[in-house]
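Source file: structure38.cif. Holds: mmCIF, N, CA and C atoms.
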```
data_entry
loop_
_atom_site.label_atom_id
_atom_site.label_comp_id
_atom_site.auth_asym_id
_atom_site.auth_seq_id
_atom_site.Cartn_x
_atom_site.Cartn_y
_atom_site.Cartn_z
N MET A 18 -15.07 3.16 2.40
CA MET A 18 -14.41 2.97 1.12
C MET A 18 -12.95 2.64 1.37
N ALA A 19 -12.45 1.61 0.72
CA ALA A 19 -11.06 1.18 0.92
C ALA A 19 -10.09 2.29 0.52
N TYR A 20 -9.00 2.35 1.24
CA TYR A 20 -7.99 3.39 1.08
C TYR A 20 -6.66 2.71 0.80
N ALA A 21 -6.00 3.09 -0.28
CA ALA A 21 -4.75 2.45 -0.69
C ALA A 21 -3.59 3.44 -0.59
N VAL A 22 -2.44 2.88 -0.28
CA VAL A 22 -1.20 3.65 -0.21
C VAL A 22 -0.16 2.88 -1.01
N VAL A 23 0.49 3.57 -1.95
CA VAL A 23 1.57 2.97 -2.72
C VAL A 23 2.80 3.83 -2.48
N ALA A 24 3.84 3.22 -1.92
CA ALA A 24 5.06 3.96 -1.60
C ALA A 24 6.23 3.37 -2.38
N HIS A 25 7.05 4.25 -2.90
CA HIS A 25 8.28 3.83 -3.59
C HIS A 25 9.43 4.40 -2.78
N TYR A 26 10.25 3.50 -2.26
CA TYR A 26 11.40 3.88 -1.44
C TYR A 26 12.68 3.51 -2.18
N ARG A 27 13.69 4.33 -2.01
CA ARG A 27 15.01 4.00 -2.56
C ARG A 27 16.06 4.34 -1.50
N CYS A 28 17.00 3.42 -1.34
CA CYS A 28 18.10 3.63 -0.41
C CYS A 28 19.40 3.25 -1.12
N ALA A 29 20.51 3.59 -0.50
CA ALA A 29 21.81 3.17 -1.03
C ALA A 29 21.91 1.65 -0.94
N PRO A 30 22.55 1.02 -1.91
CA PRO A 30 22.69 -0.44 -1.87
C PRO A 30 23.28 -0.96 -0.55
N ASP A 31 24.16 -0.20 0.07
CA ASP A 31 24.73 -0.63 1.35
C ASP A 31 23.70 -0.69 2.48
N ASP A 32 22.60 0.05 2.34
CA ASP A 32 21.56 0.09 3.37
C ASP A 32 20.39 -0.84 3.05
N GLU A 33 20.45 -1.52 1.91
CA GLU A 33 19.32 -2.33 1.45
C GLU A 33 18.92 -3.41 2.46
N ALA A 34 19.85 -4.11 3.04
CA ALA A 34 19.52 -5.19 3.98
C ALA A 34 18.82 -4.64 5.22
N ALA A 35 19.28 -3.52 5.74
CA ALA A 35 18.66 -2.93 6.93
C ALA A 35 17.24 -2.45 6.63
N VAL A 36 17.06 -1.81 5.48
CA VAL A 36 15.73 -1.33 5.09
C VAL A 36 14.80 -2.53 4.86
N ARG A 37 15.27 -3.53 4.17
CA ARG A 37 14.46 -4.73 3.92
C ARG A 37 14.00 -5.37 5.23
N ALA A 38 14.90 -5.54 6.17
CA ALA A 38 14.56 -6.17 7.45
C ALA A 38 13.51 -5.35 8.21
N ALA A 39 13.67 -4.03 8.24
CA ALA A 39 12.71 -3.18 8.94
C ALA A 39 11.35 -3.21 8.25
N LEU A 40 11.34 -3.20 6.92
CA LEU A 40 10.07 -3.26 6.19
C LEU A 40 9.35 -4.58 6.44
N LEU A 41 10.08 -5.66 6.53
CA LEU A 41 9.45 -6.96 6.79
C LEU A 41 8.92 -7.04 8.22
N ARG A 42 9.62 -6.44 9.17
CA ARG A 42 9.09 -6.38 10.54
C ARG A 42 7.82 -5.52 10.58
N ALA A 43 7.84 -4.40 9.87
CA ALA A 43 6.67 -3.53 9.81
C ALA A 43 5.50 -4.26 9.15
N ARG A 44 5.80 -5.04 8.12
CA ARG A 44 4.75 -5.79 7.42
C ARG A 44 4.01 -6.70 8.39
N GLU A 45 4.74 -7.45 9.19
CA GLU A 45 4.10 -8.40 10.10
C GLU A 45 3.23 -7.68 11.13
N ALA A 46 3.73 -6.60 11.70
CA ALA A 46 2.95 -5.85 12.69
C ALA A 46 1.74 -5.18 12.05
N THR A 47 1.91 -4.64 10.86
CA THR A 47 0.82 -3.93 10.19
C THR A 47 -0.30 -4.88 9.81
N ARG A 48 0.04 -6.07 9.38
CA ARG A 48 -0.99 -7.03 8.99
C ARG A 48 -1.91 -7.42 10.16
N ALA A 49 -1.45 -7.19 11.38
CA ALA A 49 -2.27 -7.49 12.56
C ALA A 49 -3.18 -6.32 12.96
N GLU A 50 -3.04 -5.17 12.31
CA GLU A 50 -3.88 -4.02 12.63
C GLU A 50 -5.31 -4.28 12.18
N PRO A 51 -6.30 -3.86 12.98
CA PRO A 51 -7.70 -4.16 12.64
C PRO A 51 -8.17 -3.61 11.29
N ALA A 52 -7.69 -2.44 10.88
CA ALA A 52 -8.17 -1.82 9.64
C ALA A 52 -7.33 -2.19 8.42
N ASN A 53 -6.25 -2.95 8.61
CA ASN A 53 -5.39 -3.30 7.48
C ASN A 53 -5.98 -4.46 6.70
N GLN A 54 -6.08 -4.29 5.40
CA GLN A 54 -6.55 -5.35 4.51
C GLN A 54 -5.39 -6.02 3.78
N ARG A 55 -4.33 -5.27 3.55
CA ARG A 55 -3.20 -5.80 2.79
C ARG A 55 -1.98 -4.92 3.01
N TYR A 56 -0.82 -5.56 3.10
CA TYR A 56 0.45 -4.84 3.22
C TYR A 56 1.50 -5.69 2.54
N GLU A 57 1.94 -5.25 1.39
CA GLU A 57 2.91 -6.01 0.59
C GLU A 57 4.18 -5.19 0.42
N VAL A 58 5.30 -5.86 0.54
CA VAL A 58 6.61 -5.24 0.34
C VAL A 58 7.26 -5.93 -0.85
N HIS A 59 7.71 -5.15 -1.82
CA HIS A 59 8.35 -5.69 -3.02
C HIS A 59 9.73 -5.07 -3.18
N ALA A 60 10.69 -5.88 -3.60
CA ALA A 60 11.99 -5.36 -4.02
C ALA A 60 11.87 -5.06 -5.52
N VAL A 61 12.26 -3.87 -5.93
CA VAL A 61 12.19 -3.49 -7.34
C VAL A 61 13.33 -4.19 -8.06
N MET A 62 12.99 -5.00 -9.05
CA MET A 62 13.95 -5.90 -9.68
C MET A 62 15.11 -5.21 -10.36
N ASP A 63 14.87 -4.12 -11.05
CA ASP A 63 15.95 -3.47 -11.81
C ASP A 63 16.49 -2.23 -11.10
N GLU A 64 16.32 -2.17 -9.79
CA GLU A 64 16.70 -0.97 -9.05
C GLU A 64 17.32 -1.38 -7.70
N PRO A 65 18.62 -1.54 -7.61
CA PRO A 65 19.23 -1.88 -6.33
C PRO A 65 18.84 -0.85 -5.25
N GLY A 66 18.40 -1.34 -4.12
CA GLY A 66 17.96 -0.46 -3.04
C GLY A 66 16.56 0.10 -3.24
N GLY A 67 15.83 -0.43 -4.23
CA GLY A 67 14.47 0.05 -4.50
C GLY A 67 13.42 -0.87 -3.90
N PHE A 68 12.41 -0.28 -3.29
CA PHE A 68 11.30 -1.03 -2.70
C PHE A 68 9.98 -0.38 -3.11
N LEU A 69 8.97 -1.21 -3.29
CA LEU A 69 7.62 -0.75 -3.58
C LEU A 69 6.71 -1.36 -2.53
N LEU A 70 5.94 -0.53 -1.86
CA LEU A 70 5.00 -1.00 -0.85
C LEU A 70 3.59 -0.75 -1.35
N TYR A 71 2.72 -1.74 -1.14
CA TYR A 71 1.30 -1.58 -1.43
C TYR A 71 0.56 -1.87 -0.14
N GLU A 72 -0.21 -0.88 0.31
CA GLU A 72 -0.96 -1.00 1.55
C GLU A 72 -2.43 -0.71 1.26
N ARG A 73 -3.31 -1.43 1.95
CA ARG A 73 -4.74 -1.20 1.78
C ARG A 73 -5.40 -1.27 3.15
N TYR A 74 -6.21 -0.26 3.43
CA TYR A 74 -6.89 -0.13 4.72
C TYR A 74 -8.39 0.01 4.48
N ASP A 75 -9.17 -0.21 5.53
CA ASP A 75 -10.62 -0.06 5.41
C ASP A 75 -11.01 1.35 4.97
N ASP A 76 -10.26 2.34 5.47
CA ASP A 76 -10.54 3.74 5.15
C ASP A 76 -9.33 4.59 5.56
N ALA A 77 -9.43 5.89 5.31
CA ALA A 77 -8.32 6.79 5.65
C ALA A 77 -8.04 6.79 7.14
N ALA A 78 -9.07 6.64 7.96
CA ALA A 78 -8.88 6.59 9.41
C ALA A 78 -8.03 5.38 9.80
N GLY A 79 -8.20 4.27 9.09
CA GLY A 79 -7.39 3.09 9.35
C GLY A 79 -5.92 3.35 9.06
N PHE A 80 -5.65 4.11 8.01
CA PHE A 80 -4.26 4.46 7.70
C PHE A 80 -3.71 5.41 8.76
N GLU A 81 -4.51 6.35 9.22
CA GLU A 81 -4.06 7.26 10.27
C GLU A 81 -3.75 6.48 11.55
N ALA A 82 -4.55 5.48 11.87
CA ALA A 82 -4.28 4.63 13.03
C ALA A 82 -2.96 3.88 12.84
N HIS A 83 -2.71 3.43 11.62
CA HIS A 83 -1.45 2.75 11.31
C HIS A 83 -0.26 3.68 11.59
N LYS A 84 -0.37 4.93 11.15
CA LYS A 84 0.74 5.88 11.36
C LYS A 84 0.96 6.18 12.84
N ALA A 85 -0.06 5.99 13.67
CA ALA A 85 0.06 6.24 15.10
C ALA A 85 0.56 5.02 15.88
N ALA A 86 0.70 3.89 15.21
CA ALA A 86 1.13 2.65 15.88
C ALA A 86 2.61 2.71 16.26
N PRO A 87 2.96 2.14 17.39
CA PRO A 87 4.37 2.15 17.82
C PRO A 87 5.32 1.51 16.81
N HIS A 88 4.89 0.46 16.13
CA HIS A 88 5.79 -0.17 15.15
C HIS A 88 6.05 0.73 13.94
N PHE A 89 5.10 1.59 13.59
CA PHE A 89 5.33 2.53 12.49
C PHE A 89 6.45 3.51 12.89
N GLU A 90 6.35 4.03 14.07
CA GLU A 90 7.38 4.96 14.57
C GLU A 90 8.75 4.28 14.60
N GLU A 91 8.80 3.09 15.16
CA GLU A 91 10.09 2.41 15.34
C GLU A 91 10.68 1.93 14.01
N GLU A 92 9.91 1.21 13.22
CA GLU A 92 10.45 0.59 12.01
C GLU A 92 10.53 1.53 10.82
N ILE A 93 9.51 2.37 10.65
CA ILE A 93 9.48 3.23 9.46
C ILE A 93 10.13 4.59 9.75
N VAL A 94 9.60 5.31 10.72
CA VAL A 94 10.09 6.67 10.97
C VAL A 94 11.54 6.68 11.45
N LYS A 95 11.87 5.83 12.41
CA LYS A 95 13.22 5.87 13.00
C LYS A 95 14.24 5.02 12.26
N THR A 96 13.80 3.95 11.60
CA THR A 96 14.76 3.04 10.97
C THR A 96 14.84 3.22 9.46
N VAL A 97 13.70 3.16 8.78
CA VAL A 97 13.70 3.20 7.31
C VAL A 97 13.94 4.60 6.78
N TRP A 98 13.11 5.55 7.17
CA TRP A 98 13.18 6.88 6.56
C TRP A 98 14.56 7.52 6.62
N PRO A 99 15.31 7.41 7.71
CA PRO A 99 16.64 8.03 7.71
C PRO A 99 17.62 7.43 6.70
N LEU A 100 17.35 6.20 6.25
CA LEU A 100 18.24 5.54 5.30
C LEU A 100 17.86 5.78 3.84
N LEU A 101 16.74 6.42 3.61
CA LEU A 101 16.25 6.60 2.24
C LEU A 101 16.94 7.76 1.53
N THR A 102 17.17 7.56 0.24
CA THR A 102 17.66 8.63 -0.62
C THR A 102 16.52 9.24 -1.43
N GLU A 103 15.41 8.50 -1.49
CA GLU A 103 14.24 8.98 -2.24
C GLU A 103 13.00 8.29 -1.68
N ARG A 104 11.89 9.05 -1.64
CA ARG A 104 10.63 8.48 -1.16
C ARG A 104 9.49 9.19 -1.85
N SER A 105 8.57 8.42 -2.42
CA SER A 105 7.34 9.00 -2.97
C SER A 105 6.17 8.14 -2.51
N VAL A 106 5.05 8.80 -2.26
CA VAL A 106 3.87 8.10 -1.75
C VAL A 106 2.65 8.60 -2.52
N THR A 107 1.81 7.65 -2.92
CA THR A 107 0.55 7.96 -3.59
C THR A 107 -0.59 7.40 -2.75
N PHE A 108 -1.63 8.21 -2.57
CA PHE A 108 -2.81 7.79 -1.81
C PHE A 108 -3.99 7.70 -2.77
N ALA A 109 -4.84 6.68 -2.57
CA ALA A 109 -5.97 6.50 -3.48
C ALA A 109 -7.15 5.87 -2.74
N GLU A 110 -8.35 6.17 -3.20
CA GLU A 110 -9.56 5.52 -2.68
C GLU A 110 -10.12 4.60 -3.74
N ALA A 111 -10.59 3.44 -3.32
CA ALA A 111 -11.19 2.49 -4.25
C ALA A 111 -12.50 3.06 -4.81
N LEU A 112 -12.72 2.82 -6.08
CA LEU A 112 -13.96 3.28 -6.72
C LEU A 112 -15.03 2.21 -6.61
#
```

Target encoding C-alpha cells, full file:
Amino acid sequence: MAYAVVAHYRCAPDDEAAVRAALLRAREATRAEPANQRYEVHAVMDEPGGFLLYERYDDAAGFEAHKAAPHFEEEIVKTVWPLLTERSVTFAEAL
C-alpha cells in the first residue's frame, strides 16, 4: 500500500536560499530511490521561508529506507533541519 509523507517546513527568510538548494538536491537523490514514487518540493506562496514537501513511497519500509540514505542525513538532517524554525510532518497510507 502506498505511503505518503507531507511535510511543512518554515525557516527564516535569510535561510530560504540554503534550505531551497538542499531540498532540491535531496529531491534529485530521492527520486532515484527504488521505493520512491514521487517527491515534490513547493515554495509556499504567501509564506516567506515556507516549504511544502509531498513524498510518496511504495510502503512504509520504502520511507524508512529513504531516511537511512546518506543524502537524507546530509541534506535534510544536517543542512535543512538546523535552519528550520518550524516543522510538521503528516504520514498517510493510500486507501

At a cut-off of 7 Å, using all atoms listed in the file, what residues contact Arg27 of chain A? Leave out same-chain residues fewer than 4 positions from it and give the result as a list in words. Pro65, Gly66, Gly67, Phe68, Leu100, Leu101, Thr102, Glu103, Arg104 and Ser105 of chain A

I'd like the neighbourhood of Glu57 of chain A as a list in words, where a residue qualifies if any of its atoms comes within 8 Å (using all atoms listed in the file), though same-chain residues fewer than 5 positions away should be ignored.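 Non-adjacent residues within range: Leu40, Arg44, Leu69, Leu70, Tyr71, Glu72 and Arg73 of chain A.
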
Please measure the separation of atom CA of Met62 of chain A and atom CA of Asp31 of chain A, giving the value in Å to one decimal.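 Between these atoms lies a distance of 16.3 Å.
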
All alpha helix (DSSP H) positions in chain A, as a PyMOL selection string: chain A and resi 33-48+77-85+87-88

Please give the centre and size of the box around segment 19-26 of chain A (axis-aligned, containing every atom listed in the file, 4 Å added per side), with values in Å to one decimal and written as lines of an AutoDock Vina configuration file.
```
center_x = 0.1
center_y = 2.8
center_z = -1.2
size_x = 33.1
size_y = 11.2
size_z = 12.8
```

Just to confirm, what's the straight-line distance from atom CA of Ala39 of chain A to atom C of Glu92 of chain A in Å (one decimal)?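 These atoms are spaced 5.5 Å apart.
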
Calculated over only C-alpha atoms, which of the candidates A:Asp63, A:Tyr74, A:Glu81, A:Val58 has the smallest distance to Val36 of chain A? A:Val58

Exactly which residues make up the result of the PyMOL selection byres ((chain A and resi 45-53) around 6) on this file, given as a PyMOL selection string? chain A and resi 41-44+54-55+73-75+79

Could you write out, as an MDAnalysis selection string, all the residues of chain A that DSSP marks as strand (DSSP E)? chainID A and resid 20:28 53:60 67:74 101:110

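Nearest-residue note for Val97 of chain A: choosing from A:Phe80, A:Tyr26, A:Tyr20, A:Tyr56, the minimum distance belongs to A:Tyr26, counting only C-alpha atoms.
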
To one decimal place, how far is atom C of Ala85 of chain A from atom CA of Ala35 of chain A in Å? 21.7 Å

As an mmCIF file, keeping the file's coordinate frame, the rebuilt segment 26-52 of chain A with N, CA, C and O atoms:
```
data_model
loop_
_atom_site.group_PDB
_atom_site.id
_atom_site.type_symbol
_atom_site.label_atom_id
_atom_site.label_comp_id
_atom_site.auth_asym_id
_atom_site.auth_seq_id
_atom_site.Cartn_x
_atom_site.Cartn_y
_atom_site.Cartn_z
ATOM 1 N N TYR A 26 10.250 3.500 -2.260
ATOM 2 C CA TYR A 26 11.400 3.880 -1.440
ATOM 3 C C TYR A 26 12.680 3.510 -2.180
ATOM 4 O O TYR A 26 12.748 2.469 -2.827
ATOM 5 N N ARG A 27 13.690 4.330 -2.010
ATOM 6 C CA ARG A 27 15.010 4.000 -2.560
ATOM 7 C C ARG A 27 16.060 4.340 -1.500
ATOM 8 O O ARG A 27 15.987 5.382 -0.866
ATOM 9 N N CYS A 28 17.000 3.420 -1.340
ATOM 10 C CA CYS A 28 18.100 3.630 -0.410
ATOM 11 C C CYS A 28 19.400 3.250 -1.120
ATOM 12 O O CYS A 28 19.389 2.638 -2.187
ATOM 13 N N ALA A 29 20.510 3.590 -0.500
ATOM 14 C CA ALA A 29 21.810 3.170 -1.030
ATOM 15 C C ALA A 29 21.910 1.650 -0.940
ATOM 16 O O ALA A 29 21.380 1.051 0.003
ATOM 17 N N PRO A 30 22.550 1.020 -1.910
ATOM 18 C CA PRO A 30 22.690 -0.440 -1.870
ATOM 19 C C PRO A 30 23.280 -0.960 -0.550
ATOM 20 O O PRO A 30 22.880 -2.030 -0.087
ATOM 21 N N ASP A 31 24.160 -0.200 0.070
ATOM 22 C CA ASP A 31 24.730 -0.630 1.350
ATOM 23 C C ASP A 31 23.700 -0.690 2.480
ATOM 24 O O ASP A 31 23.900 -1.391 3.463
ATOM 25 N N ASP A 32 22.600 0.050 2.340
ATOM 26 C CA ASP A 32 21.560 0.090 3.370
ATOM 27 C C ASP A 32 20.390 -0.840 3.050
ATOM 28 O O ASP A 32 19.447 -0.940 3.830
ATOM 29 N N GLU A 33 20.450 -1.520 1.910
ATOM 30 C CA GLU A 33 19.320 -2.330 1.450
ATOM 31 C C GLU A 33 18.920 -3.410 2.460
ATOM 32 O O GLU A 33 17.725 -3.602 2.723
ATOM 33 N N ALA A 34 19.850 -4.110 3.040
ATOM 34 C CA ALA A 34 19.520 -5.190 3.980
ATOM 35 C C ALA A 34 18.820 -4.640 5.220
ATOM 36 O O ALA A 34 17.842 -5.240 5.701
ATOM 37 N N ALA A 35 19.280 -3.520 5.740
ATOM 38 C CA ALA A 35 18.660 -2.930 6.930
ATOM 39 C C ALA A 35 17.240 -2.450 6.630
ATOM 40 O O ALA A 35 16.316 -2.654 7.434
ATOM 41 N N VAL A 36 17.060 -1.810 5.480
ATOM 42 C CA VAL A 36 15.730 -1.330 5.090
ATOM 43 C C VAL A 36 14.800 -2.530 4.860
ATOM 44 O O VAL A 36 13.664 -2.539 5.352
ATOM 45 N N ARG A 37 15.270 -3.530 4.170
ATOM 46 C CA ARG A 37 14.460 -4.730 3.920
ATOM 47 C C ARG A 37 14.000 -5.370 5.230
ATOM 48 O O ARG A 37 12.811 -5.675 5.406
ATOM 49 N N ALA A 38 14.900 -5.540 6.170
ATOM 50 C CA ALA A 38 14.560 -6.170 7.450
ATOM 51 C C ALA A 38 13.510 -5.350 8.210
ATOM 52 O O ALA A 38 12.550 -5.909 8.749
ATOM 53 N N ALA A 39 13.670 -4.030 8.240
ATOM 54 C CA ALA A 39 12.710 -3.180 8.940
ATOM 55 C C ALA A 39 11.350 -3.210 8.250
ATOM 56 O O ALA A 39 10.313 -3.251 8.919
ATOM 57 N N LEU A 40 11.340 -3.200 6.920
ATOM 58 C CA LEU A 40 10.070 -3.260 6.190
ATOM 59 C C LEU A 40 9.350 -4.580 6.440
ATOM 60 O O LEU A 40 8.120 -4.611 6.574
ATOM 61 N N LEU A 41 10.080 -5.660 6.530
ATOM 62 C CA LEU A 41 9.450 -6.960 6.790
ATOM 63 C C LEU A 41 8.920 -7.040 8.220
ATOM 64 O O LEU A 41 7.852 -7.621 8.450
ATOM 65 N N ARG A 42 9.620 -6.440 9.170
ATOM 66 C CA ARG A 42 9.090 -6.380 10.540
ATOM 67 C C ARG A 42 7.820 -5.520 10.580
ATOM 68 O O ARG A 42 6.831 -5.897 11.228
ATOM 69 N N ALA A 43 7.840 -4.400 9.870
ATOM 70 C CA ALA A 43 6.670 -3.530 9.810
ATOM 71 C C ALA A 43 5.500 -4.260 9.150
ATOM 72 O O ALA A 43 4.354 -4.113 9.567
ATOM 73 N N ARG A 44 5.800 -5.040 8.120
ATOM 74 C CA ARG A 44 4.750 -5.790 7.420
ATOM 75 C C ARG A 44 4.010 -6.700 8.390
ATOM 76 O O ARG A 44 2.772 -6.729 8.414
ATOM 77 N N GLU A 45 4.740 -7.450 9.190
ATOM 78 C CA GLU A 45 4.100 -8.400 10.100
ATOM 79 C C GLU A 45 3.230 -7.680 11.130
ATOM 80 O O GLU A 45 2.111 -8.101 11.399
ATOM 81 N N ALA A 46 3.730 -6.600 11.700
ATOM 82 C CA ALA A 46 2.950 -5.850 12.690
ATOM 83 C C ALA A 46 1.740 -5.180 12.050
ATOM 84 O O ALA A 46 0.650 -5.165 12.628
ATOM 85 N N THR A 47 1.910 -4.640 10.860
ATOM 86 C CA THR A 47 0.820 -3.930 10.190
ATOM 87 C C THR A 47 -0.300 -4.880 9.810
ATOM 88 O O THR A 47 -1.487 -4.543 9.924
ATOM 89 N N ARG A 48 0.040 -6.070 9.380
ATOM 90 C CA ARG A 48 -0.990 -7.030 8.990
ATOM 91 C C ARG A 48 -1.910 -7.420 10.160
ATOM 92 O O ARG A 48 -3.016 -7.894 9.945
ATOM 93 N N ALA A 49 -1.450 -7.190 11.380
ATOM 94 C CA ALA A 49 -2.270 -7.490 12.560
ATOM 95 C C ALA A 49 -3.180 -6.320 12.960
ATOM 96 O O ALA A 49 -4.015 -6.471 13.847
ATOM 97 N N GLU A 50 -3.040 -5.170 12.310
ATOM 98 C CA GLU A 50 -3.880 -4.020 12.630
ATOM 99 C C GLU A 50 -5.310 -4.280 12.180
ATOM 100 O O GLU A 50 -5.537 -4.847 11.106
ATOM 101 N N PRO A 51 -6.300 -3.860 12.980
ATOM 102 C CA PRO A 51 -7.700 -4.160 12.640
ATOM 103 C C PRO A 51 -8.170 -3.610 11.290
ATOM 104 O O PRO A 51 -8.949 -4.266 10.600
ATOM 105 N N ALA A 52 -7.690 -2.440 10.880
ATOM 106 C CA ALA A 52 -8.170 -1.820 9.640
ATOM 107 C C ALA A 52 -7.330 -2.190 8.420
ATOM 108 O O ALA A 52 -7.660 -1.810 7.307
#
```
